[in-house]
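These notes are about the structure you will find just below.
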Amino acid sequence: MNHHFPLPQGGELILHRYPRHAQHGLQAWDAADEYIMNELATQEWSREAPLLIVNDGCGALTLALHQHSPYVMTDSRVAELALNANALDNGLEPTWQLLDSLAPWPEQPGLVLLKLPKTNAMLEYQLAALSRVAGPQTRLIAGAKAKDIHGSTLKLFEQYLGPTHTSLAWKKARLIFCAPDPAKAPAPLPPLLAWPLEGTGFTIYNHANLFSRASLDIGARFLLEHLPADRPGRMIDLGCGNGVLGLMALARNPQAQVSFVDESHMAVASARMNLERNLPAAEPRARFMVNNCLEGMAPDSADLVLCNPPFHQQQAITDHIAWQMFVDAKRVLRRGGELLLVANRHLDYHQKLKRLFGNQRVVASNRKFVILRAIKTP
Ligand SMILES: C[S@@+](CC[C@H](N)C(=O)[O-])C[C@H]1O[C@@H](n2cnc3c(N)ncnc32)[C@H](O)[C@@H]1O
C-alpha cells in the first residue's frame, strides 16, 4: 500500500485513511488529487481571495495547500478525522478552517477545488451554493475518476455556474474546469426531499447527501417491523441517516432515550429536523452526534443499538465500517444489552456477530434481508 503522496514542487506527504488500523488496501488519495496538484503547479490563481477545498477525502489537497490557509468543507466526520490525523503525522499545524456541509460558503472565493461527491443531488447542492457566493474572479477545478464524469455531470456545472470544459484523462482521472458566469443569477439551494413515512402521520425530510433520500430504504422498512415497543432504557440509532429508526424507537418507547449518530453532518441535521417536526415532545429524550461509529462513547452505557449498516464510505465499497460498528456497539452496550440490525442476506454478518458476541439469533428474514440480534453476555 502506497502512503507517499507526491507533491509537484518536490517532497511528499505521508497519508493514511482513517482510522489508521483499518486501511483495507485502500489508498488515502486518488489520481484526481495528484492531477489537481499537478495542474495547480502550472496555473496562475488568485492567492488573495479565499481558497476553498470541498469534499477532500483524507486531507491530501488540504495538507498539500496548507500554506494558503484554505477553507475546507466536508460532510464527513471521517474525512475531518483523517485530515487531523494526517496533519499530525506530517507535523503540520492546522492553518485551515473547517466548514461542515451546511455551513455558509465563504464569499467570493478565488479558487475552488472540488472532489466530485458520490451523488448528483449533493453535486447540485454544492454547485448551487457556490453560484451564490462566486465572484468575477472565482475559478473552479473539480476532479474525479474519468468514469464518474458524464455529459450530464458537465451539464450541471454549465447550468449552475457557466462555461465548463474537461481535461484529458490521466491515470483514469479527469478534471473539470469551470468559470462561473457573473451574468448568471445565483441558483436557489435545492429543496429538501420530503416523503410521508408509511403507516404513520410523519413526514421525513432529507438533505442532499442522505442515504435513500427519495424513499424509505427497504432494509429500514423491515427493521421497523421488528423494533421493540414499550421498553425503557438508552438506545442508539447507529448510522442514523434521516433518523427514521430512532424516530420510531422514540415513538414506540415513551420511556426510552435515543442517541442519533452518523458520520455525515447532513444526516444528523436531517435526523434532528425529523424529530423536531414530527415528534417535538420527544426532543428531551434525544441526543444527536456527528461521529465515526461510537468513538469516545462510554462503555456499558447503552441498552439497545439499532443499526442498518452502510456498505460504503468515501467512495469505497467495504464492510469494515459495519465491523467497526459492531465492535463499538459491543463496547458501548451494557451486559445483557442488545444489538439489533438489518442486513442483506448474502452478507456474512451472522458469522461476524458470532465471532464478536459469542451469540447471534435470526429474528426474522425475507427474500432479501435478515434481522439479526446479538446480546452482550456477562
Ligand atoms: C444504510 S444507511 C442507514 C440509514 C438509516 N439508518 C436507515 O436505515 O435508513 C447507513 C448510514 O451509516 C452512515 N455511516 C457511514 N459510515 C459511518 C461511520 N463511520 N460512522 C457513523 N455512521 C456512518 C451513513 O452516513 C449512512 O447514513
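Just so we're on the same page: first chain in the C-alpha cells is A, next is B, and so on; residues restart at 1 for each chain, and ligands are numbered from 1 in the order they show up.
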
Practice prompt. Give me the residues within 9 Å of range 29-36 of chain A as number ranges by chain, counting only C-alpha atoms and dropping any in the same chain fewer than 5 places off.
Written response: A: 3, 5-8, 15-17, 41, 56-61, 113, 115, 141-146, 170-175

Compile a residue-level contact table for range 343-363 of chain A against range 318-332 of chain A at a cut-off of 10 Å, reporting for every qualifying residue the shortest atom pair and its distance in Å to one decimal, with only C-alpha atoms counted, rows ordered by chain and ascending number, as a Markdown table.
| residue | atom | partner | partner_atom | distance |
| --- | --- | --- | --- | --- |
| A:Ala343 | CA | A:Ala322 | CA | 10.0 |
| A:Leu347 | CA | A:Asp319 | CA | 9.1 |
| A:Tyr349 | CA | A:Trp323 | CA | 8.7 |
| A:Lys352 | CA | A:Trp323 | CA | 7.5 |
| A:Leu353 | CA | A:Phe326 | CA | 7.5 |
| A:Leu356 | CA | A:Val327 | CA | 7.3 |
| A:Phe357 | CA | A:Lys330 | CA | 7.3 |

Practice prompt. Within 7 Å of range 120-125 of chain A, counting only C-alpha atoms, which residues show up once you throw out same-chain ones fewer than 6 positions away? Write them as a list in words, please.
Written response: Leu156, Leu189, Pro190, Ala208 and Asn209 of chain A

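If only C-alpha atoms and all ligand atoms are the atoms counted, then among A:Leu247, A:Leu341, A:Leu98, A:Leu216 the closest residue to ligand 1 is A:Leu216.
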
Item to complete: List all protein, DNA and RNA residues that have an atom no more than 9 Å from any atom of ligand 1, counting only C-alpha atoms and all ligand atoms, and report them as a PyMOL selection string.
Response: chain A and resi 76-78+209-213+216-221+223-224+237-246+261-268+290-295+306-314+321-322+324-325+342

Write the residues you've just listed into a file as a PDB file, in the first residue's frame, and include C-alpha atoms for each of them.
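And here's result.pdb as it stands now:
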ATOM      1  CA  SER A  76     -17.927  13.688   6.532  1.00  0.00           C
ATOM      2  CA  ARG A  77     -16.682  13.419  10.099  1.00  0.00           C
ATOM      3  CA  VAL A  78     -14.391  10.598   8.975  1.00  0.00           C
ATOM      4  CA  ASN A 209     -26.318  13.836   0.874  1.00  0.00           C
ATOM      5  CA  LEU A 210     -28.702  11.406   2.519  1.00  0.00           C
ATOM      6  CA  PHE A 211     -28.776   7.667   2.034  1.00  0.00           C
ATOM      7  CA  SER A 212     -32.114   6.584   0.489  1.00  0.00           C
ATOM      8  CA  ARG A 213     -33.230  10.196   0.415  1.00  0.00           C
ATOM      9  CA  LEU A 216     -37.817   4.641   2.847  1.00  0.00           C
ATOM     10  CA  ASP A 217     -34.944   2.139   2.498  1.00  0.00           C
ATOM     11  CA  ILE A 218     -36.360  -1.373   2.201  1.00  0.00           C
ATOM     12  CA  GLY A 219     -33.935  -2.697   4.822  1.00  0.00           C
ATOM     13  CA  ALA A 220     -35.041   0.043   7.219  1.00  0.00           C
ATOM     14  CA  ARG A 221     -38.685  -0.799   6.481  1.00  0.00           C
ATOM     15  CA  LEU A 223     -36.253  -3.421  10.694  1.00  0.00           C
ATOM     16  CA  LEU A 224     -39.114  -1.038  11.594  1.00  0.00           C
ATOM     17  CA  ASP A 237     -29.573   4.735  16.230  1.00  0.00           C
ATOM     18  CA  LEU A 238     -26.132   3.967  14.796  1.00  0.00           C
ATOM     19  CA  GLY A 239     -25.653   5.277  11.233  1.00  0.00           C
ATOM     20  CA  CYS A 240     -28.947   7.112  11.673  1.00  0.00           C
ATOM     21  CA  GLY A 241     -29.214   8.719   8.203  1.00  0.00           C
ATOM     22  CA  ASN A 242     -32.523  10.602   8.280  1.00  0.00           C
ATOM     23  CA  GLY A 243     -33.176   9.094  11.722  1.00  0.00           C
ATOM     24  CA  VAL A 244     -36.181   7.027  10.751  1.00  0.00           C
ATOM     25  CA  LEU A 245     -35.255   4.125  13.077  1.00  0.00           C
ATOM     26  CA  GLY A 246     -34.558   6.328  16.103  1.00  0.00           C
ATOM     27  CA  VAL A 261     -25.237   9.026  15.475  1.00  0.00           C
ATOM     28  CA  ASP A 262     -23.920   9.395  11.926  1.00  0.00           C
ATOM     29  CA  GLU A 263     -20.641  10.450  10.359  1.00  0.00           C
ATOM     30  CA  SER A 264     -22.485  12.744   7.907  1.00  0.00           C
ATOM     31  CA  HIS A 265     -23.338  16.269   9.044  1.00  0.00           C
ATOM     32  CA  MET A 266     -26.323  16.343   6.688  1.00  0.00           C
ATOM     33  CA  ALA A 267     -27.610  13.034   8.070  1.00  0.00           C
ATOM     34  CA  VAL A 268     -27.532  14.244  11.664  1.00  0.00           C
ATOM     35  CA  VAL A 290     -21.750  13.547  14.320  1.00  0.00           C
ATOM     36  CA  ASN A 291     -19.259  10.781  14.990  1.00  0.00           C
ATOM     37  CA  ASN A 292     -17.236   7.976  13.467  1.00  0.00           C
ATOM     38  CA  CYS A 293     -19.260   4.989  14.706  1.00  0.00           C
ATOM     39  CA  LEU A 294     -19.364   5.248  18.514  1.00  0.00           C
ATOM     40  CA  GLU A 295     -15.891   6.700  19.040  1.00  0.00           C
ATOM     41  CA  LEU A 306     -30.236  -0.251  16.241  1.00  0.00           C
ATOM     42  CA  CYS A 307     -28.269  -0.434  13.026  1.00  0.00           C
ATOM     43  CA  ASN A 308     -28.746  -0.600   9.279  1.00  0.00           C
ATOM     44  CA  PRO A 309     -25.038  -0.682   8.427  1.00  0.00           C
ATOM     45  CA  PRO A 310     -23.521   1.048   5.404  1.00  0.00           C
ATOM     46  CA  PHE A 311     -21.501  -0.782   2.866  1.00  0.00           C
ATOM     47  CA  HIS A 312     -19.583   2.113   1.542  1.00  0.00           C
ATOM     48  CA  GLN A 313     -17.699   5.067   2.852  1.00  0.00           C
ATOM     49  CA  GLN A 314     -15.834   7.748   0.941  1.00  0.00           C
ATOM     50  CA  ILE A 321     -17.397   0.092   8.777  1.00  0.00           C
ATOM     51  CA  ALA A 322     -20.061  -2.482   9.618  1.00  0.00           C
ATOM     52  CA  GLN A 324     -16.312  -1.253  13.377  1.00  0.00           C
ATOM     53  CA  MET A 325     -19.952  -0.514  14.200  1.00  0.00           C
ATOM     54  CA  VAL A 342     -30.809  -5.493   9.399  1.00  0.00           C
TER      55      VAL A 342
END

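From CA of Ser365 in chain A back to CA of Asp303 in chain A, the distance works out to 23.4 Å.
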
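Residue nearest Thr153 in chain A within the list A:Thr62, A:Gln360, A:Asn90, A:Thr166: A:Thr166 [criterion: smallest interatomic distance, only C-alpha atoms].
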
Set the distance at 9 Å and use only C-alpha atoms: which residues neighbour range 251-259 of chain A once local chain neighbours fewer than 2 positions away are removed? I'd like the list as a PDB file with C-alpha atoms, in the first residue's frame.
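Saved file part08.pdb follows:
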ATOM      1  CA  LEU A 227     -38.498  -2.584  16.621  1.00  0.00           C
ATOM      2  CA  PRO A 228     -39.169  -3.240  20.287  1.00  0.00           C
ATOM      3  CA  ALA A 229     -42.022  -1.372  21.961  1.00  0.00           C
ATOM      4  CA  ASP A 230     -42.615  -0.092  25.485  1.00  0.00           C
ATOM      5  CA  ARG A 231     -39.061  -0.657  26.630  1.00  0.00           C
ATOM      6  CA  PRO A 232     -37.246   1.831  28.819  1.00  0.00           C
ATOM      7  CA  GLY A 233     -33.532   2.491  28.518  1.00  0.00           C
ATOM      8  CA  ARG A 234     -30.832   4.116  26.434  1.00  0.00           C
ATOM      9  CA  MET A 235     -30.974   3.330  22.742  1.00  0.00           C
ATOM     10  CA  ILE A 236     -28.653   4.296  19.893  1.00  0.00           C
ATOM     11  CA  ASP A 237     -29.573   4.735  16.230  1.00  0.00           C
ATOM     12  CA  LEU A 238     -26.132   3.967  14.796  1.00  0.00           C
ATOM     13  CA  GLY A 246     -34.558   6.328  16.103  1.00  0.00           C
ATOM     14  CA  LEU A 247     -37.659   8.422  15.477  1.00  0.00           C
ATOM     15  CA  MET A 248     -39.874   5.337  15.521  1.00  0.00           C
ATOM     16  CA  ALA A 249     -37.968   3.928  18.524  1.00  0.00           C
ATOM     17  CA  VAL A 261     -25.237   9.026  15.475  1.00  0.00           C
ATOM     18  CA  LEU A 279     -42.293  14.318  17.492  1.00  0.00           C
ATOM     19  CA  ALA A 282     -39.685  13.593  22.474  1.00  0.00           C
ATOM     20  CA  PRO A 284     -35.738  15.970  25.621  1.00  0.00           C
ATOM     21  CA  ARG A 285     -35.222  12.205  25.168  1.00  0.00           C
ATOM     22  CA  ALA A 286     -32.966  12.599  22.108  1.00  0.00           C
ATOM     23  CA  ARG A 287     -29.247  13.333  21.563  1.00  0.00           C
ATOM     24  CA  PHE A 288     -27.558  14.000  18.217  1.00  0.00           C
ATOM     25  CA  MET A 289     -23.945  13.317  17.428  1.00  0.00           C
TER      26      MET A 289
END
